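What follows is a set of notes on a single structure, which appears directly below.
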2 protein chains.
Amino acid sequence: MLFRKDWRTFLGPGGRYILTCFPLFMGLGAITGRVALADPLPSWNEGPTKQAIVEFVRAVADKSSPNYVPPEQRIATFDNDGTLWAEQPMYFQGFFALDRVKALAPQHPEWKDRQPFKAILENDRKALLASGEKGVLEVLMASHAGVTTQEFERIVKDWMATARHPRFTRPFTDMVFQPMLELLAYLRANGFKTFIVSGGGVEFVRTFSEERYGIPPEQVTGSSIVTKFEVRDGGPVLVREPKLDFIDDGPGKPVGIQKFIGRRPIAAFGNSDGDLQMLQWTAAGEGRRFMLLVHHTDAEREWAYDRQSFVGRLDKALEEAQRRGWTVVDMKKDWKQVFPFK
Amino acid sequence: MLFRKDWRTFLGPGGRYILTCFPLFMGLGAITGRVALADPLPSWNEGPTKQAIVEFVRAVADKSSPNYVPPEQRIATFDNDGTLWAEQPMYFQGFFALDRVKALAPQHPEWKDRQPFKAILENDRKALLASGEKGVLEVLMASHAGVTTQEFERIVKDWMATARHPRFTRPFTDMVFQPMLELLAYLRANGFKTFIVSGGGVEFVRTFSEERYGIPPEQVTGSSIVTKFEVRDGGPVLVREPKLDFIDDGPGKPVGIQKFIGRRPIAAFGNSDGDLQMLQWTAAGEGRRFMLLVHHTDAEREWAYDRQSFVGRLDKALEEAQRRGWTVVDMKKDWKQVFPFK
């Protein structure tokens with residue numbers, strides 16, 4: 001995500017446009033949803049996608065099944081941006097980075113005349129794009145480093161409490177996908193251990209993962225910058241240094257899975273080419289496997305994008321999913337409701 | 001451990017000597033142990049150390065206690081070498097590295113004339129020591145890299161099944177500390193999540209942590225080398241590269257805890273100066289805390305060493321423990337039995 005180091009990815013193709021027709025279909029889920037009392041996935045429409053999920057879970061969790069998998073091996077990994085919550089018009093951590101630069105600007109009078117900070121302070125999208133990969137990295141470090149881990153957690157939480165998504169004017173943590181929340185809970189109820197494997201910053205995602213997804217910090221992996229142990233005023237702190245440590249995206253995802261989890265998942269969930277290697281790695285294990293891609297096909301309730309998008313581009317992974325029979329969620333068709341709010 | 005990059009640390013001060021008087025006191029635990037039926041720590045002698053452990057666990061796990069801690073925050077971290085299993089006359093991973101070099105030697109005729117490999121093949125301890133930090137790193141990479149993660153797991157497991165400790169002539173996985181196994185189980189029975197934070201290689205420790213300690217791979221953190229995602233013969237693999245990634249020792253331990261767990265422990269267990277920062281980091285959190293050091297004081301049943309030892313040196317941490325009132329296990333006095341075998 002943020003670490004793909006490209007301003008187009010950072011800002012998205014259309015900028016911060018706000019669609020006006022989105023509420024049209026928003027009420028649909030509320031009317032048709034939650035029919036069967038015992039349905040653990042009420043926001044999923046009946047059909048082959050839901051059926052594939054339920055069938056897989058039964059196959060691995062039922063002791064009498066030939067595909068039974070012992071609970072400790074029921075590892076499920078989820079991408080975050082575009083898979084568990086929305087990612088348009090730009091990765092939400094990007095909004096945080098820009099807001100953070102603005103908040104810090106009074107302490108940095110030199111930013112008024114220095115790119116890419118000048119561009120951010122003047123909302124000059126063109127100049128920002130022109131600053132390229134170097135610019136992204138500079139903004140990333142200015143907004144994410146130079147504080148202790150405790151301070152950073154506080155800063156992100158404070159931002160999350162007040163920042164609003166430009167289109168939905170809601171807290172970003174409201175923009176999680178209701179069907180995926182149900183899927184997480186359903187897997188856990190069937191003995192799965194659910195992990196986040198995010199291209200986003202691990203410390204950023206951890207600030208809300210437990211409350212929002214029921215995923216504790218120790219089950220969140222992601223991209224990271226270097227931290228350093230120091231003793232300050234007699235007490236130990238961890239200081240966030242302006243240096244990339246690990247990029248948990250693309251081929252970095254299987255690396256991150258091995259590094260942090262040490263066990264190959266039997267189910268993996270993503271939405272973009274950045275998740276392809278995670279799905280390949282998952283598919284290559286022995287026994288029954290489940291690979292799923294969320295295809296964003298719903299411009300009304302959410303967004304519609306794939307091959308041409310700079311944010312969450314889905315091209316090669318979609319092709320491979322079709323060729324290998326992985327499950328592809330058609331958001332418009334498969335999801336009764338997109339967000340938890342109506 | 002291994003990564004401290006010093007041959008003295010690697011081999012230990014006395015080399016592979018074998019003490020002959022060790023069986024004298026070995027039977028003692030068997031006779032006096034397991035008196036109280038309900039005692040969750042039967043291998044711990046009654047006294048202030050055991051009392052401190054039990055009192056801490058009650059204080060944080062009892063809902064009516066003023067020091068109550070919710071289960072999700074009951075994180076306990078354990079060093080491995082010298083804390084959960086023995087580490088003399090050298091770190092057990094060191095034995096693996098040397099044996100691995102010998103096993104690979106037929107494929108490397110050039111090693112016969114090249115240090116530090118020549119020294120290993122000729123059991124020339126002096127020449128090995130002389131190769132210094134550079135030599136350790138070379139042996140480490142030759143023995144740990146160049147294979148896939150799956151191959152490495154297989155290699156370590158095969159070695160573990162046949163290798164024997166020079167003094168006890170037992171598999172290395174027999175040389176875990178019975179009182180610590182009980183402590184792990186006792187903490188988990190009281191809602192704790194137990195983690196290993198090892199200076200040793202994470203992939204090495206993960207091969208036996210679940211079976212031996214009941215700690216799944218995703219709760220093991222440690223030092224690591226870089227791995228790289230590759231597609232070979234149409235299938236994805238992770239290749240272990242000859243490059244250090246992370247050293248989970250000393251100030252690296254709090255860094256590793258934050259990186260992998262993302263939450264500060266409320267209890268931490270170590271045995272050497274390499275654990276000092278982990279204990280400091282744990283102590284600096286809010287609310288009730290528990291810091292413990294295993295002091296190796298029992299030359300008969302195990303080993304006796306601290307300030308002068310190159311393996312598991314305990315000097316500054318012992319001083320700080322005494323000054324701050326951390327719990328120090330006197331192995332000879334506090335443990336009824338050391339190993340699970342008699």
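Ligands are numbered from 1 in the order shown, chains are lettered A, B, ... in the order of the structure tokens, and residues start at 1 in each chain.
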
Problem set entry | DSSP strand (DSSP E) selection over range 305-337 of chain B, as a PyMOL selection string | chain B and resi 327-330

Would you put the residues from that selection into a file with all heavy atoms, as a tab-separated table (two decimals), in the first residue's frame?
```
chain	number	residue	atom	x	y	z
B	327	THR	N	12.60	-11.09	40.77
B	327	THR	CA	12.74	-12.44	41.30
B	327	THR	C	13.94	-13.15	40.65
B	327	THR	O	14.07	-13.14	39.43
B	327	THR	CB	11.44	-13.24	41.03
B	327	THR	OG1	10.36	-12.57	41.69
B	327	THR	CG2	11.56	-14.66	41.54
B	328	VAL	N	14.80	-13.72	41.49
B	328	VAL	CA	15.94	-14.47	40.97
B	328	VAL	C	15.83	-15.92	41.44
B	328	VAL	O	15.78	-16.19	42.65
B	328	VAL	CB	17.28	-13.86	41.43
B	328	VAL	CG1	18.46	-14.70	40.92
B	328	VAL	CG2	17.41	-12.41	40.97
B	329	VAL	N	15.73	-16.83	40.48
B	329	VAL	CA	15.67	-18.26	40.81
B	329	VAL	C	17.07	-18.74	41.18
B	329	VAL	O	18.01	-18.58	40.40
B	329	VAL	CB	15.16	-19.08	39.61
B	329	VAL	CG1	15.30	-20.58	39.87
B	329	VAL	CG2	13.72	-18.73	39.29
B	330	ASP	N	17.19	-19.30	42.34
B	330	ASP	CA	18.43	-20.00	42.71
B	330	ASP	C	18.19	-21.46	42.36
B	330	ASP	O	17.52	-22.20	43.09
B	330	ASP	CB	18.67	-19.81	44.21
B	330	ASP	CG	19.94	-20.50	44.68
B	330	ASP	OD1	20.36	-21.49	44.04
B	330	ASP	OD2	20.50	-20.06	45.69
```

Problem set entry | Polymer residues at most 9 Å from range 147-154 of chain B, only C-alpha atoms, same-chain spacing of 5 or more positions, as number ranges by chain | A: 258; B: 159, 203-204, 206-207, 227, 237-241

Exercise. Relative to chain A, what is the Cα RMSD of chain B after a least-squares superposition using every Cα atom paired in order?
Worked result: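 C-alpha RMSD, chain B fitted to chain A: 0.1 Å.
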
Exercise. Got a sec to pull out which chain A residues are within 9 Å of chain B, counting only C-alpha atoms, and send them as a PyMOL selection string?
Worked result: chain A and resi 72+149+202-203+206+216-221+224+226-230+235-238+251-255+258-263+277+280-281+284

For this session: Take CA of Asn80 in chain A and CA of Gly200 in chain A and report the distance between them in Å, one decimal.
Result: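 Spanning CA of Asn80 in chain A to CA of Gly200 in chain A is a straight-line distance of 7.8 Å.
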
Exercise. What are the DSSP alpha helix (DSSP H) residues of range 47-206 of chain B, as a ChimeraX atom specification?
Worked result: /B:48-61,92-104,117-121,125-130,132-144,149-162,178-189,202-206

Problem set entry | Shell around Val69 in chain A at 7 Å using only C-alpha atoms, local window under 5 positions removed, as a list in words | Val60, Ala61 and Arg74 of chain A

Would you mind exporting the chosen residues as a PDB file, in the first residue's frame, restricted to N, CA, C and O atoms?
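The file below, part.pdb, is the result:
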```pdb
ATOM      1  N   VAL A  60     -12.723 -28.716   6.454  1.00  0.00           N
ATOM      2  CA  VAL A  60     -11.507 -28.754   7.270  1.00  0.00           C
ATOM      3  C   VAL A  60     -11.788 -28.849   8.771  1.00  0.00           C
ATOM      4  O   VAL A  60     -10.928 -29.274   9.544  1.00  0.00           O
ATOM      5  N   ALA A  61     -13.004 -28.431   9.191  1.00  0.00           N
ATOM      6  CA  ALA A  61     -13.301 -28.388  10.628  1.00  0.00           C
ATOM      7  C   ALA A  61     -14.053 -29.618  11.120  1.00  0.00           C
ATOM      8  O   ALA A  61     -14.080 -29.892  12.316  1.00  0.00           O
ATOM      9  N   ARG A  74      -5.203 -24.386  11.457  1.00  0.00           N
ATOM     10  CA  ARG A  74      -6.213 -23.583  10.749  1.00  0.00           C
ATOM     11  C   ARG A  74      -5.855 -22.099  10.794  1.00  0.00           C
ATOM     12  O   ARG A  74      -6.444 -21.317  11.513  1.00  0.00           O
TER      13      ARG A  74
END
```

Problem set entry | Contact residues around Leu98 in chain A with only C-alpha atoms at 8 Å, ignoring same-chain residues under 2 positions, as a PyMOL selection string | chain A and resi 94-96+100-102+120+139+143

Atoms kept (N, CA, C and O atoms) for selection, written as a CSV table (one decimal), in the first residue's frame:
```
chain,number,residue,atom,x,y,z
A,94,GLY,N,-2.7,6.9,3.9
A,94,GLY,CA,-2.3,8.1,3.2
A,94,GLY,C,-2.9,9.4,3.7
A,94,GLY,O,-2.3,10.4,3.8
A,95,PHE,N,-4.3,9.3,4.0
A,95,PHE,CA,-4.9,10.4,4.6
A,95,PHE,C,-4.3,10.8,5.9
A,95,PHE,O,-4.1,12.0,6.2
A,96,PHE,N,-3.9,9.8,6.7
A,96,PHE,CA,-3.2,10.0,8.0
A,96,PHE,C,-1.9,10.8,7.7
A,96,PHE,O,-1.6,11.7,8.4
A,100,ARG,N,-1.1,14.4,9.1
A,100,ARG,CA,0.0,14.5,10.0
A,100,ARG,C,1.0,15.6,9.6
A,100,ARG,O,1.5,16.3,10.5
A,101,VAL,N,1.3,15.6,8.3
A,101,VAL,CA,2.2,16.7,7.8
A,101,VAL,C,1.6,18.0,8.1
A,101,VAL,O,2.3,19.0,8.6
A,102,LYS,N,0.4,18.2,7.9
A,102,LYS,CA,-0.3,19.5,8.1
A,102,LYS,C,-0.3,19.8,9.6
A,102,LYS,O,0.0,21.0,10.0
A,120,ILE,N,1.8,19.5,-0.2
A,120,ILE,CA,0.7,19.1,0.7
A,120,ILE,C,0.0,20.3,1.4
A,120,ILE,O,-1.2,20.3,1.5
A,139,VAL,N,7.6,11.9,3.0
A,139,VAL,CA,6.3,12.2,3.7
A,139,VAL,C,6.1,11.1,4.7
A,139,VAL,O,5.6,11.3,5.9
A,143,SER,N,5.9,11.7,8.7
A,143,SER,CA,4.6,11.5,9.4
A,143,SER,C,4.6,10.3,10.3
A,143,SER,O,3.8,10.2,11.2
```

For this session: Using only C-alpha atoms, determine which residues lie at most 10 Å from Ala267 in chain B, disregarding the query and same-chain residues fewer than 4 positions distant; provide the list as a list in words.
Result: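 Those residues are Phe56, Val57, Arg74, Ile75, Ala76, Thr77, Phe78, Leu187, Phe192, Thr194, Met278, Leu279, Thr282, Ala283, Arg288, Arg289, Phe290, Met291 and Leu292 of chain B.
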
Just to be explicit: take each residue in the selection above, keep all heavy atoms, and write the result as a compact mmCIF listing (two decimals), in the first residue's frame.
```
# COMPACT_ATOMS: atom_id res chain seq x y z
N PHE B 56 1.86 -13.37 42.19
CA PHE B 56 1.70 -12.51 41.01
C PHE B 56 0.56 -12.99 40.12
O PHE B 56 -0.30 -12.22 39.70
CB PHE B 56 2.99 -12.45 40.20
CG PHE B 56 2.81 -11.88 38.82
CD1 PHE B 56 2.61 -10.51 38.64
CD2 PHE B 56 2.79 -12.70 37.69
CE1 PHE B 56 2.41 -9.98 37.37
CE2 PHE B 56 2.58 -12.18 36.42
CZ PHE B 56 2.40 -10.82 36.26
N VAL B 57 0.54 -14.30 39.86
CA VAL B 57 -0.49 -14.85 38.98
C VAL B 57 -1.88 -14.62 39.57
O VAL B 57 -2.81 -14.21 38.87
CB VAL B 57 -0.23 -16.35 38.70
CG1 VAL B 57 -1.41 -17.00 37.98
CG2 VAL B 57 1.05 -16.51 37.86
N ARG B 74 -2.50 -10.40 29.21
CA ARG B 74 -1.60 -11.27 29.99
C ARG B 74 -0.57 -11.93 29.08
O ARG B 74 -0.63 -13.10 28.77
CB ARG B 74 -2.40 -12.32 30.75
CG ARG B 74 -3.15 -11.74 31.94
CD ARG B 74 -3.91 -12.79 32.71
NE ARG B 74 -5.19 -12.26 33.16
CZ ARG B 74 -6.27 -12.99 33.38
NH1 ARG B 74 -6.25 -14.30 33.20
NH2 ARG B 74 -7.38 -12.40 33.76
N ILE B 75 0.39 -11.11 28.66
CA ILE B 75 1.45 -11.56 27.77
C ILE B 75 2.68 -11.88 28.62
O ILE B 75 3.13 -11.04 29.40
CB ILE B 75 1.81 -10.44 26.76
CG1 ILE B 75 0.58 -10.00 25.94
CG2 ILE B 75 2.98 -10.86 25.86
CD1 ILE B 75 0.11 -10.97 24.92
N ALA B 76 3.20 -13.08 28.47
CA ALA B 76 4.43 -13.48 29.17
C ALA B 76 5.47 -13.88 28.14
O ALA B 76 5.20 -14.68 27.25
CB ALA B 76 4.14 -14.64 30.12
N THR B 77 6.67 -13.31 28.24
CA THR B 77 7.73 -13.62 27.27
C THR B 77 8.88 -14.36 27.96
O THR B 77 9.30 -14.00 29.06
CB THR B 77 8.27 -12.34 26.62
OG1 THR B 77 8.68 -11.42 27.63
CG2 THR B 77 7.21 -11.68 25.76
N PHE B 78 9.37 -15.36 27.26
CA PHE B 78 10.46 -16.21 27.79
C PHE B 78 11.63 -16.23 26.83
O PHE B 78 11.48 -16.51 25.65
CB PHE B 78 9.97 -17.66 27.95
CG PHE B 78 9.00 -17.84 29.07
CD1 PHE B 78 7.66 -17.52 28.90
CD2 PHE B 78 9.42 -18.34 30.29
CE1 PHE B 78 6.75 -17.69 29.94
CE2 PHE B 78 8.52 -18.51 31.34
CZ PHE B 78 7.19 -18.19 31.17
N LEU B 187 0.93 -20.64 33.77
CA LEU B 187 0.55 -19.32 33.25
C LEU B 187 -0.59 -19.45 32.24
O LEU B 187 -1.57 -18.69 32.28
CB LEU B 187 1.75 -18.63 32.60
CG LEU B 187 2.84 -18.15 33.57
CD1 LEU B 187 4.07 -17.67 32.81
CD2 LEU B 187 2.31 -17.02 34.47
N PHE B 192 -2.81 -16.67 30.51
CA PHE B 192 -1.66 -16.01 29.87
C PHE B 192 -1.44 -16.57 28.48
O PHE B 192 -1.71 -17.73 28.21
CB PHE B 192 -0.38 -16.24 30.68
CG PHE B 192 -0.21 -15.33 31.85
CD1 PHE B 192 -0.90 -15.57 33.04
CD2 PHE B 192 0.64 -14.23 31.79
CE1 PHE B 192 -0.74 -14.74 34.14
CE2 PHE B 192 0.80 -13.39 32.88
CZ PHE B 192 0.11 -13.65 34.06
N THR B 194 1.73 -17.31 26.22
CA THR B 194 3.17 -17.43 26.42
C THR B 194 3.93 -17.34 25.10
O THR B 194 3.56 -17.97 24.11
CB THR B 194 3.51 -18.78 27.10
OG1 THR B 194 2.90 -19.84 26.36
CG2 THR B 194 2.99 -18.81 28.53
N MET B 278 14.77 -6.66 27.85
CA MET B 278 13.40 -7.22 27.84
C MET B 278 12.76 -7.05 29.21
O MET B 278 11.58 -6.69 29.32
CB MET B 278 13.44 -8.69 27.45
CG MET B 278 12.10 -9.40 27.58
SD MET B 278 12.06 -11.04 26.82
CE MET B 278 12.88 -12.05 28.07
N LEU B 279 13.54 -7.28 30.26
CA LEU B 279 13.00 -7.13 31.61
C LEU B 279 12.75 -5.66 31.95
O LEU B 279 11.74 -5.33 32.57
CB LEU B 279 13.94 -7.80 32.63
CG LEU B 279 13.63 -9.28 32.92
CD1 LEU B 279 13.75 -10.16 31.69
CD2 LEU B 279 14.48 -9.82 34.06
N THR B 282 9.60 -4.64 30.17
CA THR B 282 8.44 -5.21 30.85
C THR B 282 8.14 -4.44 32.13
O THR B 282 6.99 -4.10 32.42
CB THR B 282 8.71 -6.70 31.16
OG1 THR B 282 9.01 -7.36 29.93
CG2 THR B 282 7.52 -7.36 31.82
N ALA B 283 9.20 -4.16 32.89
CA ALA B 283 9.04 -3.47 34.17
C ALA B 283 8.48 -2.06 34.01
O ALA B 283 7.80 -1.55 34.90
CB ALA B 283 10.39 -3.40 34.90
N ARG B 288 0.67 -4.08 37.67
CA ARG B 288 1.50 -5.12 38.28
C ARG B 288 2.37 -5.80 37.22
O ARG B 288 1.90 -6.09 36.13
CB ARG B 288 0.55 -6.13 38.94
CG ARG B 288 1.21 -7.15 39.82
CD ARG B 288 1.81 -6.53 41.09
NE ARG B 288 2.62 -7.54 41.76
CZ ARG B 288 2.17 -8.41 42.65
NH1 ARG B 288 0.92 -8.36 43.04
NH2 ARG B 288 2.98 -9.31 43.18
N ARG B 289 3.63 -6.05 37.55
CA ARG B 289 4.61 -6.64 36.62
C ARG B 289 5.38 -7.76 37.31
O ARG B 289 5.51 -7.76 38.54
CB ARG B 289 5.65 -5.57 36.22
CG ARG B 289 5.06 -4.30 35.66
CD ARG B 289 4.91 -4.41 34.18
NE ARG B 289 3.64 -3.90 33.72
CZ ARG B 289 3.27 -3.97 32.44
NH1 ARG B 289 4.07 -4.53 31.55
NH2 ARG B 289 2.09 -3.52 32.06
N PHE B 290 5.94 -8.66 36.52
CA PHE B 290 6.76 -9.71 37.10
C PHE B 290 7.99 -9.97 36.24
O PHE B 290 7.88 -10.27 35.05
CB PHE B 290 5.94 -11.01 37.25
CG PHE B 290 6.63 -12.07 38.05
CD1 PHE B 290 6.74 -11.94 39.43
CD2 PHE B 290 7.17 -13.19 37.45
CE1 PHE B 290 7.37 -12.91 40.20
CE2 PHE B 290 7.82 -14.17 38.20
CZ PHE B 290 7.91 -14.02 39.59
N MET B 291 9.16 -9.82 36.85
CA MET B 291 10.42 -10.04 36.13
C MET B 291 11.21 -11.12 36.87
O MET B 291 11.36 -11.04 38.09
CB MET B 291 11.25 -8.75 36.09
CG MET B 291 10.79 -7.73 35.06
SD MET B 291 9.12 -7.02 35.36
CE MET B 291 9.34 -6.27 36.96
N LEU B 292 11.67 -12.10 36.12
CA LEU B 292 12.38 -13.23 36.74
C LEU B 292 13.64 -13.58 35.98
O LEU B 292 13.67 -13.57 34.75
CB LEU B 292 11.44 -14.44 36.81
CG LEU B 292 11.97 -15.74 37.43
CD1 LEU B 292 10.83 -16.49 38.14
CD2 LEU B 292 12.61 -16.66 36.40
```

Exercise. Which neighbours of Asp81 in chain A fall inside 12 Å, counting only C-alpha atoms, when residues of the same chain fewer than 6 positions from it are skipped, and could you give them as a PyMOL selection string?
Worked result: chain A and resi 1-2+87-94+172-173+175-177+196-201+204-205+222+249+269-272+274-275+294+296+311-313

Could you save the residues just selected, with N, CA, C and O atoms, as a CSV table (one decimal), in the first residue's frame?
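To be explicit, this is the file written out as out-v1.csv:
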```
chain,number,residue,atom,x,y,z
A,1,MET,N,0.8,-1.2,0.0
A,1,MET,CA,0.0,0.0,0.0
A,1,MET,C,0.9,1.2,0.0
A,1,MET,O,1.5,1.5,-1.0
A,2,LEU,N,0.8,1.9,1.1
A,2,LEU,CA,1.6,3.2,1.2
A,2,LEU,C,3.0,3.0,0.7
A,2,LEU,O,3.6,3.9,0.1
A,87,GLU,N,-10.4,1.2,0.4
A,87,GLU,CA,-9.1,1.8,0.2
A,87,GLU,C,-9.1,2.9,-0.9
A,87,GLU,O,-8.1,3.3,-1.4
A,88,GLN,N,-10.3,3.4,-1.2
A,88,GLN,CA,-10.5,4.5,-2.1
A,88,GLN,C,-10.9,5.7,-1.4
A,88,GLN,O,-11.6,5.6,-0.4
A,89,PRO,N,-10.7,6.9,-1.9
A,89,PRO,CA,-9.9,7.2,-3.2
A,89,PRO,C,-8.4,7.1,-3.0
A,89,PRO,O,-7.7,7.1,-3.9
A,90,MET,N,-8.0,6.9,-1.7
A,90,MET,CA,-6.6,6.5,-1.5
A,90,MET,C,-6.5,5.7,-0.2
A,90,MET,O,-7.4,5.7,0.6
A,91,TYR,N,-5.4,4.9,-0.1
A,91,TYR,CA,-5.2,4.2,1.2
A,91,TYR,C,-5.4,5.1,2.4
A,91,TYR,O,-4.9,6.2,2.4
A,92,PHE,N,-6.2,4.6,3.3
A,92,PHE,CA,-6.5,5.5,4.5
A,92,PHE,C,-5.3,5.9,5.2
A,92,PHE,O,-5.3,7.0,5.8
A,93,GLN,N,-4.3,5.1,5.2
A,93,GLN,CA,-3.0,5.6,5.9
A,93,GLN,C,-2.4,6.8,5.2
A,93,GLN,O,-1.7,7.6,5.8
A,94,GLY,N,-2.7,6.9,3.9
A,94,GLY,CA,-2.3,8.1,3.2
A,94,GLY,C,-2.9,9.4,3.7
A,94,GLY,O,-2.3,10.4,3.8
A,172,PHE,N,-12.9,6.5,9.5
A,172,PHE,CA,-12.4,5.4,8.6
A,172,PHE,C,-12.7,4.0,9.2
A,172,PHE,O,-12.9,3.1,8.4
A,173,THR,N,-12.7,3.9,10.5
A,173,THR,CA,-12.9,2.6,11.1
A,173,THR,C,-14.4,2.1,10.9
A,173,THR,O,-14.7,1.0,11.2
A,175,MET,N,-15.5,2.1,7.9
A,175,MET,CA,-15.5,1.7,6.5
A,175,MET,C,-14.9,0.3,6.3
A,175,MET,O,-14.3,0.0,5.3
A,176,VAL,N,-15.2,-0.5,7.3
A,176,VAL,CA,-14.8,-2.0,7.2
A,176,VAL,C,-16.0,-2.7,6.6
A,176,VAL,O,-17.1,-2.2,6.5
A,177,PHE,N,-15.7,-3.8,6.0
A,177,PHE,CA,-16.7,-4.6,5.3
A,177,PHE,C,-17.5,-5.5,6.2
A,177,PHE,O,-16.9,-6.5,6.7
A,196,ILE,N,-3.9,-10.7,10.2
A,196,ILE,CA,-3.8,-9.7,9.1
A,196,ILE,C,-2.4,-9.7,8.6
A,196,ILE,O,-1.5,-9.7,9.3
A,197,VAL,N,-2.3,-9.7,7.3
A,197,VAL,CA,-1.0,-9.6,6.6
A,197,VAL,C,-1.1,-8.4,5.7
A,197,VAL,O,-1.6,-8.5,4.5
A,198,SER,N,-0.8,-7.2,6.2
A,198,SER,CA,-1.1,-6.0,5.5
A,198,SER,C,0.1,-5.4,4.8
A,198,SER,O,1.2,-5.4,5.4
A,199,GLY,N,0.0,-4.8,3.6
A,199,GLY,CA,1.0,-4.0,3.1
A,199,GLY,C,1.1,-2.6,3.8
A,199,GLY,O,2.2,-2.0,3.8
A,200,GLY,N,0.1,-2.3,4.6
A,200,GLY,CA,0.1,-1.1,5.4
A,200,GLY,C,1.0,-1.2,6.6
A,200,GLY,O,1.5,-2.3,6.9
A,201,GLY,N,1.2,-0.1,7.3
A,201,GLY,CA,2.1,-0.1,8.5
A,201,GLY,C,1.5,-0.9,9.6
A,201,GLY,O,0.4,-0.7,10.0
A,204,PHE,N,0.2,1.0,12.5
A,204,PHE,CA,-1.0,1.7,12.2
A,204,PHE,C,-2.3,0.8,12.3
A,204,PHE,O,-3.2,1.2,13.0
A,205,VAL,N,-2.2,-0.3,11.7
A,205,VAL,CA,-3.3,-1.3,11.7
A,205,VAL,C,-3.6,-1.8,13.1
A,205,VAL,O,-4.8,-2.0,13.5
A,222,GLY,N,2.7,-6.6,9.1
A,222,GLY,CA,2.5,-5.5,8.1
A,222,GLY,C,3.9,-4.9,7.8
A,222,GLY,O,4.9,-5.4,8.3
A,249,ASP,N,4.4,-6.6,1.2
A,249,ASP,CA,3.6,-6.5,0.0
A,249,ASP,C,4.1,-7.4,-1.1
A,249,ASP,O,5.3,-7.6,-1.2
A,269,PHE,N,-7.0,-14.4,2.0
A,269,PHE,CA,-8.0,-13.5,1.5
A,269,PHE,C,-7.3,-12.2,1.1
A,269,PHE,O,-6.7,-11.6,1.9
A,270,GLY,N,-7.5,-11.8,-0.2
A,270,GLY,CA,-6.9,-10.6,-0.6
A,270,GLY,C,-7.8,-9.9,-1.6
A,270,GLY,O,-9.0,-10.3,-1.8
A,271,ASN,N,-7.3,-8.8,-2.3
A,271,ASN,CA,-8.1,-8.2,-3.3
A,271,ASN,C,-7.3,-7.6,-4.4
A,271,ASN,O,-7.8,-7.0,-5.3
A,272,SER,N,-5.9,-7.7,-4.4
A,272,SER,CA,-5.1,-7.0,-5.4
A,272,SER,C,-3.9,-7.9,-5.8
A,272,SER,O,-3.6,-8.9,-5.2
A,274,GLY,N,-1.0,-7.2,-5.1
A,274,GLY,CA,-0.1,-7.3,-4.0
A,274,GLY,C,-0.4,-8.5,-3.1
A,274,GLY,O,0.4,-8.8,-2.2
A,275,ASP,N,-1.5,-9.2,-3.3
A,275,ASP,CA,-1.8,-10.4,-2.5
A,275,ASP,C,-1.5,-11.7,-3.3
A,275,ASP,O,-1.7,-12.8,-2.7
A,294,VAL,N,-11.4,-10.4,-3.2
A,294,VAL,CA,-12.6,-9.5,-3.2
A,294,VAL,C,-12.4,-8.6,-4.5
A,294,VAL,O,-11.4,-7.9,-4.6
A,296,HIS,N,-13.8,-5.6,-6.5
A,296,HIS,CA,-14.6,-4.4,-6.2
A,296,HIS,C,-15.4,-4.0,-7.4
A,296,HIS,O,-14.9,-3.4,-8.4
A,311,VAL,N,-4.7,2.4,-7.1
A,311,VAL,CA,-4.9,1.8,-5.7
A,311,VAL,C,-5.5,0.4,-5.8
A,311,VAL,O,-6.5,0.2,-6.5
A,312,GLY,N,-4.8,-0.5,-5.3
A,312,GLY,CA,-5.4,-1.9,-5.2
A,312,GLY,C,-5.6,-2.5,-6.6
A,312,GLY,O,-6.6,-3.2,-6.8
A,313,ARG,N,-4.7,-2.3,-7.5
A,313,ARG,CA,-4.8,-2.9,-8.8
A,313,ARG,C,-4.9,-4.4,-8.8
A,313,ARG,O,-4.2,-5.1,-8.1
```

For this session: Take CA of Thr49 in chain B and CA of Lys316 in chain B and report the distance between them in Å, one decimal.
Result: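 Taking CA of Thr49 in chain B and CA of Lys316 in chain B, their separation equals 20.4 Å.
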